There are 4 protein chains.
Amino acid sequence: MRATMRFFSDNAAAVCPQVLDALAAANRVDTAYDGDEWSQQLDGAFSDLFGKQVRALWVTTGTAANCLGLAALCPPHGAILCNEMAHIEVDEAGAPGFFTHGAKLTLLPGYGGKVAAETVDEACGRVRDDVHQVQPAALSITNATEYGMSYSPDDVAALGEVAKRRGLGYHLDGARFANAVAFTGADPADLTWRAGVDVMSFGFVKNGGMNAEAVIFFDPAKAEVVPRLKKRAGHLLSKGRFLAAQILALLDDDLWLANARAANSAASALAEACADGRLIYPVEANELFVRMTGDEAAKLRTLGYDFYDWGPGEVRFVTSWDQDMEDVSQLAAALRAQ
Amino acid sequence: MRATMRFFSDNAAAVCPQVLDALAAANRVDTAYDGDEWSQQLDGAFSDLFGKQVRALWVTTGTAANCLGLAALCPPHGAILCNEMAHIEVDEAGAPGFFTHGAKLTLLPGYGGKVAAETVDEACGRVRDDVHQVQPAALSITNATEYGMSYSPDDVAALGEVAKRRGLGYHLDGARFANAVAFTGADPADLTWRAGVDVMSFGFVKNGGMNAEAVIFFDPAKAEVVPRLKKRAGHLLSKGRFLAAQILALLDDDLWLANARAANSAASALAEACADGRLIYPVEANELFVRMTGDEAAKLRTLGYDFYDWGPGEVRFVTSWDQDMEDVSQLAAALRAQ
Amino acid sequence: MRATMRFFSDNAAAVCPQVLDALAAANRVDTAYDGDEWSQQLDGAFSDLFGKQVRALWVTTGTAANCLGLAALCPPHGAILCNEMAHIEVDEAGAPGFFTHGAKLTLLPGYGGKVAAETVDEACGRVRDDVHQVQPAALSITNATEYGMSYSPDDVAALGEVAKRRGLGYHLDGARFANAVAFTGADPADLTWRAGVDVMSFGFVKNGGMNAEAVIFFDPAKAEVVPRLKKRAGHLLSKGRFLAAQILALLDDDLWLANARAANSAASALAEACADGRLIYPVEANELFVRMTGDEAAKLRTLGYDFYDWGPGEVRFVTSWDQDMEDVSQLAAALRAQ
Amino acid sequence: MRATMRFFSDNAAAVCPQVLDALAAANRVDTAYDGDEWSQQLDGAFSDLFGKQVRALWVTTGTAANCLGLAALCPPHGAILCNEMAHIEVDEAGAPGFFTHGAKLTLLPGYGGKVAAETVDEACGRVRDDVHQVQPAALSITNATEYGMSYSPDDVAALGEVAKRRGLGYHLDGARFANAVAFTGADPADLTWRAGVDVMSFGFVKNGGMNAEAVIFFDPAKAEVVPRLKKRAGHLLSKGRFLAAQILALLDDDLWLANARAANSAASALAEACADGRLIYPVEANELFVRMTGDEAAKLRTLGYDFYDWGPGEVRFVTSWDQDMEDVSQLAAALRAQ
């Protein structure tokens with residue numbers, strides 16, 4: 001048995017071989033920054049995927065992807081509405097405040113990291129329309145959420161209706177968008193622009209990539225100043241072809257979707273092994289949040305499993321695109337035995 | 001003959017094989033962000049190189065490296081003194097203003113992108129010490145400069161003396177530091193901390209790397225908040241081991257220096273081929289700025305050479321670590337024939 | 001009877017005659033900015049009041065006073081803990097985000113706008129000490145609160161203990177500090193620096209001033225860069241003597257305290273007139289939040305009283321330093337009759 | 001003779017009696033912030049003055065006025081072109097960088113603080129239109145300049161033509177606009193919007209006011225977000241009527257122009273007294289920059305005159321609206337005697 005069987009984070013997973021191959025293939029002279037042939041294909045590749053002309057930019061982190069998108073939607077004096085557990089609030093070190101020059105995150109409650117349309121609507125309704133109060137300018141959701149739940153196309157559309165009515169830009173943190181598509185089986189267009197989304201982060205690093213993420217603007221006009229913001233934030237790499245090539249490799253032949261399905265399957269197998277009441281949230285992507293005593297967790301760890309202590313009596317398992325299904329079966333058995 | 005013989009930019013060059021190998025070798029599960037074994041070796045590797053305990057952080061661009069360093073030295077209400085042709089002024093899209101929250105760049109004249117100690121001293125002397133004027137807080141130099149000139153250890157130390165006396169933090173943009181070391185033959189320590197430098201960007205991407213640069217703090221205490229600034233700017237990659245591995249590969253066995261020597265040699269060979277008065281600046285690194293008529297430049301291009309029109313009657317050639325010496329010889333011959 | 005009997009806002013009140021006299025007396029040539037004889041007296045006047053050497057700066061708004069204080073305590077990547085109803089969160093248009101370059105407000109619950117020591121402690125305890133999460137850097141309280149409640153010296157000190165233990169700077173929004181001193185009868189020192197407060201806004205405009213507020217640093221070292229921040233924010237007036245003179249006039253012979261006592265007395269008289277269960281919060285300063293039907297409110301307005309609809313079934317009355325006690329008696333009678 | 005005869009700064013001058021009277025007249029209850037009857041008259045009063053519908057906001061400093069105007073014209077990633085001696089560059093502590101979130105000032109040469117149309121045009125022409133370089137977004141001029149020179153309507157219009165062609169917003173720092181109008185005799189409209197100016201600061205404090213300046217938007221649409229920026233910067237005073245009242249008093253019956261004429265006359269009288277070659281710049285407003293040895297300056301000071309040492313062998317005299325003409329005559333005599 002391996003020393004550690006990893007269910008700790010999809011950030012820790014390996015890079016898939018097609019990505020490594022693409023890096024090697026891109027290793028010849030080309031134009032610097034994003035003028036190269038790979039970078040130039042991104043708009044087209046994502047436009048094909050979404051069935052709509054989009055503007056796509058590579059960046060190296062989800063934080064940069066989210067914050068460039070948000071900066072395009074929200075002025076310094078505006079507010080971004082999001083779930084109180086959103087990554088942009090909890091785990092980005094205040095990056096939204098940096099990129100937007102001080103815009104505010106207005107935190108909304110919601111089970112499993114989701115926000116409901118009426119919650120957004122009520123939050124907007126509470127703001128006086130005067131210069132003393134920060135006015136809501138954008139809505140940000142995460143799909144799949146930080147707690148492994150997925151929004152359906154209808155969920156996204158209901159929020160889109162409120163966003164439109166309230167004059168909010170609509171941002172989607174899609175660090176695990178692939179897992180949401182895999183879970184819902186929905187058309188990517190129905191989870192995004194057809195439901196009113198203006199800008200999204202499309203995650204690849206947690207899904208087999210090395211260090212390339214994408215920001216997608218469904219209205220290319222909204223992207224107009226973003227290349228300047230990106231450069232100004234130090235995110236315009238001089239050998240950008242090595243980022244674009246990763247993304248193209250993962251888009252090719254829907255590898256991104258196959259990878260996400262693999263990760264989701266592993267999560268489902270584990271979910272089925274959890275006794276009633278163990279799961280804190282339904283498993284709708286590649287994460288499990290499980291009630292477990294300290295003794296139980298310690299015992300699993302002695303068996304070689306690696307996972308995260310989420311809080312008192314709670315642990316998190318994350319499955320990855322390259323999860324060994326043998327490990328999964330054995331962990332499932334161990335969970336069943338608890 | 002190849003379609004294009006590239007002397008356009010070291011940013012367009014290929015990645016060296018040792019770096020690609022290092023990426024493959026790092027492709028196994030490890031801790032996310034910068035807790036991995038490669039990232040953990042950076043402080044040690046650079047401390048060995050500089051003969052002093054330093055703090056080293058990977059980032060993906062020279063702009064990010066420069067601006068994180070500057071943000072550690074200069075408050076929002078301070079000024080950074082630099083040559084008027086410095087990359088931070090001319091080619092970073094205002095990134096220093098973004099990372100420092102609005103600090104000012106005070107521009108100084110100086111031949112070939114260098115600044116002289118007395119120029120810095122006089123500029124400081126012109127500022128009234130009151131709240132109406134922005135006070136100088138940092139000095140930034142580039143070695144080798146944007147015009148391919150190198151500071152000697154004495155140059156750097158003379159500036160360091162002024163910086164210390166005037167209470168300025170001292171920053172070095174070392175996007176082409178390797179070329180300066182190769183040209184001067186100096187000990188890296190003598191070009192940096194022994195001459196008073198507090199923080200430097202150590203460039204790898206123009207020198208065989210893919211997308212990893214380093215920021216080095218010679219006083220680790222000055223680096224204390226920088227990991228937070230880095231994360232907040234979206235520059236903490238989740239699979240950071242792939243950046244650290246590149247840097248370690250280039251540091252290993254002084255590959256960085258060998259690469260820079262190769263690039264410098266190519267530049268020297270071209271410099272020797274230029275007639276008297278053609279060279280705008282002495283060639284002390286891997287760049288040549290050459291006086292050339294439009295007709296001459298056009299003719300060179302029909303021969304397959306690729307280079308940059310710098311201004312009216314001026315062109316720039318940049319040589320790279322992997323420059324084909326056959327191309328160099330032929331280009332030298334063509335230059336001689338002008 | 002007058003057309004309107006004002007209980008709308010202390011911001012709408014008149015300026016007291018001593019302040020107008022002081023303006024006239026300051027109307028002679030003197031040094032510009034804050035080098036004049038009035039401005040130079042501020043440190044001394046407040047040091048006398050607080051029994052400790054302090055540094056005091058005039059500004060023109062409570063928002064500027066609060067935000068300069070907060071900017072001195074909290075870095076751009078830090079968080080400021082405050083009640084969810086705090087003025088800095090609700091009514092300053094995001095100014096804390098502007099002055100701190102994007103620091104975050106972490107919102108805490110608490111009755112009547114107060115925060116409890118354990119609430120602050122728990123909030124700090126929930127933050128992981130890593131670079132992904134914004135670290136708490138400051139605590140801000142308002143005394144008297146936006147809901148007219150006052151912290152006692154013990155309350156302030158209990159929070160001060162937590163602030164110190166958690167490494168938080170401690171800020172006090174004292175827009176109505178005078179009313180809190182008048183209500184508690186406490187020594188100003190016991191409500192501030194003896195209880196651990198680092199910086200406070202000392203409000204004068206709601207209490208008889210025209211357009212002068214003060215920021216007080218109990219540790220003068222913490223104020224060191226603040227004059228630069230103030231100038232950089234456009235808050236260094238060229239004829240600053242007209243601000244300092246207002247403050248000195250209100251400090252003279254404890255006019256500030258007499259004014260606050262007058263306002264508080266008017267509020268108390270109204271509070272006594274409210275039937276059981278009408279008052280939403282205890283009246284501990286110069287504001288009353290009263291449950292009242294729309295019909296009741298409308299009827300009061302036909303009698304000529306002017307006040308604020310706070311929310312469904314809730315109204316707010318604010319009394320001022322110059323409240324006509326005849327008006328107060330008649331309004332009290334009208335409230336009793338409800 | 002008085003102990004000191006002041007020619008130091010118009011910032012140190014007294015407030016004119018009409019302004020003090022207006023403060024007293026405004027001292028009754030009214031709506032807070034800028035909803036009061038005085039504030040509500042500003043748009044109309046300035047629209048009458050300029051013969052065009054404008055949007056006018058009061059603020060308390062020229063720095064705030066300039067920076068709110070600039071923030072409305074220039075994005076964080078843009079550049080503002082101005083003379084290298086402009087107040088926004090030299091004497092505002094970096095405030096433009098603060099209000100614009102890091103926009104850059106591009107400094108242009110020009111005699112006496114003026115900039116020429118061709119200088120602006122050439123500076124724009126030097127910028128590459130790519131994401132690496134900060135793009136010019138605004139032009140800022142000062143009239144009268146910091147060196148006491150005035151632009152004519154033709155000067156302003158020539159710059160306006162370049163601004164329009166280059167897509168620049170056009171800002172006018174009018175801290176001493178009154179002096180420029182008085183000197184040129186031009187219609188205020190011809191010095192501003194008819195010549196293409198978008199936004200101006202209209203100074204009152206140096207011209208008899210106490211602490212009120214105005215920002216004027218000639219296209220009210222450009223002012224749309226400015227009230228939010230103003231509040232967010234802590235510049236929305238709660239008793240705003242005391243600022244608006246000052247401005248209305250100075251606009252009334254063209255008192256602003258009479259005051260400026262008085263100041264200019266005093267300066268002219270001194271200018272005539274200066275021997276050939278003494279004046280560094282022509283005197284076209286209320287400032288004189290005079291070549292003078294240290295001995296000469298010392299002697300003048302022993303006579304009781306107060307002025308500023310501008311640099312080695314240079315002094316500055318500034319005249320004010322309330323300059324005693326007897327003092328002026330005596331100083332003129334003393335200058336003649338040098």
# chains A, B, ... in the order shown; residues from 1 in each chain; ligands from 1
call {"tool": "closest_atom_pairs", "arguments": {"of": "chain C", "to": "chain A", "cutoff": "9 Å", "atoms": "only C-alpha atoms", "output": "tab-separated table"}}
result
residue	atom	partner	partner_atom	distance
C:Pro76	CA	A:Phe98	CA	8.0
C:His77	CA	A:Gly94	CA	6.3
C:Gly78	CA	A:Gly94	CA	8.0
C:Ala79	CA	A:Gly94	CA	8.9
C:Glu89	CA	A:Gln133	CA	8.5
C:Val90	CA	A:Gln133	CA	6.0
C:Asp91	CA	A:His132	CA	4.7
C:Glu92	CA	A:His132	CA	5.4
C:Ala93	CA	A:His132	CA	4.7
C:Gly94	CA	A:Val134	CA	6.0
C:Ala95	CA	A:His77	CA	8.4
C:Pro96	CA	A:Gly102	CA	8.3
C:Gly97	CA	A:Gly102	CA	4.5
C:Phe98	CA	A:Gly102	CA	5.6
C:Phe99	CA	A:Gly102	CA	8.8
C:Thr100	CA	A:Gly102	CA	8.1
C:His101	CA	A:Gly102	CA	5.9
C:Gly102	CA	A:Gly102	CA	3.9
C:Ala103	CA	A:Gly97	CA	6.9
C:Lys104	CA	A:Gly94	CA	7.1
C:Leu105	CA	A:Lys104	CA	8.5
C:Val131	CA	A:Ala93	CA	6.3
C:His132	CA	A:Asp91	CA	4.7
C:Gln133	CA	A:Ala93	CA	4.8
C:Val134	CA	A:Ala93	CA	4.9
C:Gln135	CA	A:Ala93	CA	8.3
call {"tool": "residues_around", "arguments": {"residues": "Pro312 in chain C", "least_positions_apart": "2", "cutoff": "10 Å", "atoms": "only C-alpha atoms", "output": "ChimeraX atom specification"}}
result
/C:291-294,309-310,314-315
call {"tool": "atom_distance", "arguments": {"atom1": "CA of His171 in chain A", "atom2": "CA of Ile88 in chain A"}}
result
11.3 Å
call {"tool": "residues_around", "arguments": {"residues": "range 184-201 of chain C", "least_positions_apart": "4", "cutoff": "6 Å", "atoms": "only C-alpha atoms", "output": "PyMOL selection string"}}
result
chain C and resi 50+65-66+69+153+156-157+160+170-174+180+214-218
call {"tool": "write_last_selection", "arguments": {"atoms": "N, CA, C and O atoms", "output": "CSV table (one decimal), in the first residue's frame"}}
result
chain,number,residue,atom,x,y,z
C,50,PHE,N,-7.6,64.6,28.4
C,50,PHE,CA,-7.5,63.1,28.6
C,50,PHE,C,-6.4,62.8,29.7
C,50,PHE,O,-6.3,61.6,30.0
C,65,ALA,N,-12.4,61.4,9.9
C,65,ALA,CA,-11.7,61.1,11.2
C,65,ALA,C,-11.6,59.6,11.4
C,65,ALA,O,-10.6,59.1,11.8
C,66,ASN,N,-12.7,58.9,11.2
C,66,ASN,CA,-12.7,57.5,11.4
C,66,ASN,C,-11.7,56.8,10.5
C,66,ASN,O,-10.9,55.9,10.9
C,69,GLY,N,-8.0,57.3,11.2
C,69,GLY,CA,-7.7,56.5,12.3
C,69,GLY,C,-7.5,55.0,12.0
C,69,GLY,O,-6.6,54.3,12.4
C,153,PRO,N,-17.2,52.4,31.0
C,153,PRO,CA,-15.7,52.1,31.0
C,153,PRO,C,-15.4,50.6,31.1
C,153,PRO,O,-14.5,50.2,30.4
C,156,VAL,N,-15.7,49.1,27.7
C,156,VAL,CA,-14.6,49.4,26.8
C,156,VAL,C,-13.4,48.7,27.2
C,156,VAL,O,-12.6,48.2,26.3
C,157,ALA,N,-13.2,48.5,28.4
C,157,ALA,CA,-12.0,47.9,28.9
C,157,ALA,C,-12.0,46.4,28.6
C,157,ALA,O,-10.9,45.8,28.3
C,160,GLY,N,-11.0,46.1,25.2
C,160,GLY,CA,-9.6,46.4,25.1
C,160,GLY,C,-8.7,45.3,25.5
C,160,GLY,O,-7.7,45.0,24.9
C,170,TYR,N,-7.2,49.4,18.3
C,170,TYR,CA,-8.5,49.6,18.9
C,170,TYR,C,-8.9,51.0,18.6
C,170,TYR,O,-8.3,52.0,19.0
C,171,HIS,N,-10.0,51.1,17.8
C,171,HIS,CA,-10.5,52.4,17.3
C,171,HIS,C,-11.9,52.7,17.9
C,171,HIS,O,-12.7,51.8,18.0
C,172,LEU,N,-12.1,53.9,18.2
C,172,LEU,CA,-13.4,54.4,18.8
C,172,LEU,C,-13.9,55.4,17.9
C,172,LEU,O,-13.3,56.5,17.7
C,173,ASP,N,-15.1,55.2,17.3
C,173,ASP,CA,-15.8,56.2,16.6
C,173,ASP,C,-16.6,57.0,17.6
C,173,ASP,O,-17.6,56.5,18.2
C,174,GLY,N,-16.2,58.2,17.9
C,174,GLY,CA,-16.8,59.0,18.9
C,174,GLY,C,-17.6,60.2,18.3
C,174,GLY,O,-17.5,61.3,18.9
C,180,ALA,N,-21.9,60.1,25.2
C,180,ALA,CA,-21.6,58.9,26.0
C,180,ALA,C,-21.0,59.3,27.3
C,180,ALA,O,-21.2,58.8,28.4
C,214,ALA,N,-12.2,65.9,15.3
C,214,ALA,CA,-10.8,65.6,15.7
C,214,ALA,C,-10.6,64.1,15.6
C,214,ALA,O,-11.4,63.3,15.9
C,215,VAL,N,-9.3,63.8,15.3
C,215,VAL,CA,-8.8,62.5,15.4
C,215,VAL,C,-7.8,62.5,16.5
C,215,VAL,O,-6.8,63.4,16.4
C,216,ILE,N,-7.9,61.7,17.5
C,216,ILE,CA,-7.0,61.7,18.7
C,216,ILE,C,-6.2,60.4,18.7
C,216,ILE,O,-6.8,59.3,18.7
C,217,PHE,N,-4.9,60.5,18.7
C,217,PHE,CA,-4.0,59.3,18.8
C,217,PHE,C,-3.5,59.3,20.3
C,217,PHE,O,-2.8,60.2,20.6
C,218,PHE,N,-3.8,58.2,21.0
C,218,PHE,CA,-3.4,58.2,22.4
C,218,PHE,C,-1.9,57.8,22.5
C,218,PHE,O,-1.2,58.1,23.4
call {"tool": "select_by_dssp", "arguments": {"residues": "range 122-279 of chain B", "states": "alpha helix (DSSP H)", "output": "mmCIF file with C-alpha atoms, in the first residue's frame"}}
result
data_model
loop_
_atom_site.group_PDB
_atom_site.id
_atom_site.type_symbol
_atom_site.label_atom_id
_atom_site.label_comp_id
_atom_site.auth_asym_id
_atom_site.auth_seq_id
_atom_site.Cartn_x
_atom_site.Cartn_y
_atom_site.Cartn_z
ATOM 1 C CA GLU B 122 20.264 65.547 -6.063
ATOM 2 C CA ALA B 123 16.747 64.314 -6.669
ATOM 3 C CA CYS B 124 16.358 63.608 -2.959
ATOM 4 C CA GLY B 125 17.789 66.996 -2.139
ATOM 5 C CA PRO B 153 29.739 46.230 -8.112
ATOM 6 C CA ASP B 154 31.187 49.700 -7.516
ATOM 7 C CA ASP B 155 28.284 51.341 -9.329
ATOM 8 C CA VAL B 156 25.782 49.422 -7.251
ATOM 9 C CA ALA B 157 27.628 50.207 -4.047
ATOM 10 C CA ALA B 158 27.842 53.935 -4.790
ATOM 11 C CA LEU B 159 24.099 54.005 -5.233
ATOM 12 C CA GLY B 160 23.720 51.916 -2.098
ATOM 13 C CA GLU B 161 25.612 54.491 -0.121
ATOM 14 C CA VAL B 162 23.219 57.244 -1.247
ATOM 15 C CA ALA B 163 20.204 55.042 -0.631
ATOM 16 C CA LYS B 164 21.335 54.346 2.902
ATOM 17 C CA ARG B 165 22.145 57.966 3.653
ATOM 18 C CA ARG B 166 18.839 59.159 2.243
ATOM 19 C CA PHE B 177 20.653 39.863 -13.636
ATOM 20 C CA ALA B 178 22.214 36.718 -15.039
ATOM 21 C CA ASN B 179 23.510 38.677 -18.011
ATOM 22 C CA ALA B 180 24.983 41.305 -15.717
ATOM 23 C CA VAL B 181 26.751 38.659 -13.655
ATOM 24 C CA ALA B 182 28.014 37.020 -16.819
ATOM 25 C CA PHE B 183 29.270 40.328 -18.200
ATOM 26 C CA THR B 184 30.882 41.702 -15.060
ATOM 27 C CA VAL B 226 4.970 39.814 1.252
ATOM 28 C CA PRO B 227 3.367 36.358 1.164
ATOM 29 C CA ARG B 228 0.087 38.087 2.048
ATOM 30 C CA LEU B 229 0.554 40.712 -0.661
ATOM 31 C CA LYS B 230 1.385 37.949 -3.105
ATOM 32 C CA LYS B 231 -1.730 35.955 -2.320
ATOM 33 C CA ARG B 232 -3.842 39.114 -2.350
ATOM 34 C CA ARG B 241 5.998 23.151 -7.094
ATOM 35 C CA PHE B 242 6.044 23.587 -10.861
ATOM 36 C CA LEU B 243 7.491 27.051 -10.454
ATOM 37 C CA ALA B 244 9.993 26.196 -7.765
ATOM 38 C CA ALA B 245 11.195 23.211 -9.774
ATOM 39 C CA GLN B 246 12.019 25.442 -12.748
ATOM 40 C CA ILE B 247 14.076 27.759 -10.617
ATOM 41 C CA LEU B 248 15.934 24.936 -8.913
ATOM 42 C CA ALA B 249 16.728 23.415 -12.303
ATOM 43 C CA LEU B 250 18.210 26.690 -13.500
ATOM 44 C CA LEU B 251 20.168 27.247 -10.318
ATOM 45 C CA LEU B 255 22.812 26.627 -15.546
ATOM 46 C CA TRP B 256 21.438 30.192 -15.219
ATOM 47 C CA LEU B 257 24.940 31.542 -15.635
ATOM 48 C CA ALA B 258 25.826 29.274 -18.535
ATOM 49 C CA ASN B 259 22.655 30.339 -20.320
ATOM 50 C CA ALA B 260 23.405 34.005 -19.784
ATOM 51 C CA ARG B 261 26.976 33.580 -20.986
ATOM 52 C CA ALA B 262 25.699 32.003 -24.164
ATOM 53 C CA ALA B 263 23.327 34.880 -24.786
ATOM 54 C CA ASN B 264 25.998 37.467 -24.005
ATOM 55 C CA SER B 265 28.479 35.790 -26.312
ATOM 56 C CA ALA B 266 26.065 35.973 -29.169
ATOM 57 C CA ALA B 267 25.519 39.649 -28.466
ATOM 58 C CA SER B 268 29.254 40.310 -28.299
ATOM 59 C CA ALA B 269 29.796 38.633 -31.624
ATOM 60 C CA LEU B 270 27.190 40.889 -33.176
ATOM 61 C CA ALA B 271 28.591 43.961 -31.462
ATOM 62 C CA GLU B 272 31.989 43.322 -32.933
ATOM 63 C CA ALA B 273 30.412 43.264 -36.357
#
call {"tool": "select_by_dssp", "arguments": {"residues": "range 73-267 of chain B", "states": "strand (DSSP E)", "output": "MDAnalysis selection string"}}
result
chainID B and resid 78:83 104:108 135:142 169:174 199:202 213:217
call {"tool": "closest_residue", "arguments": {"among": "D:Thr302, D:Ser329, D:Ser140, D:Gln323", "to": "Cys74 in chain D", "atoms": "only C-alpha atoms"}}
result
D:Ser140
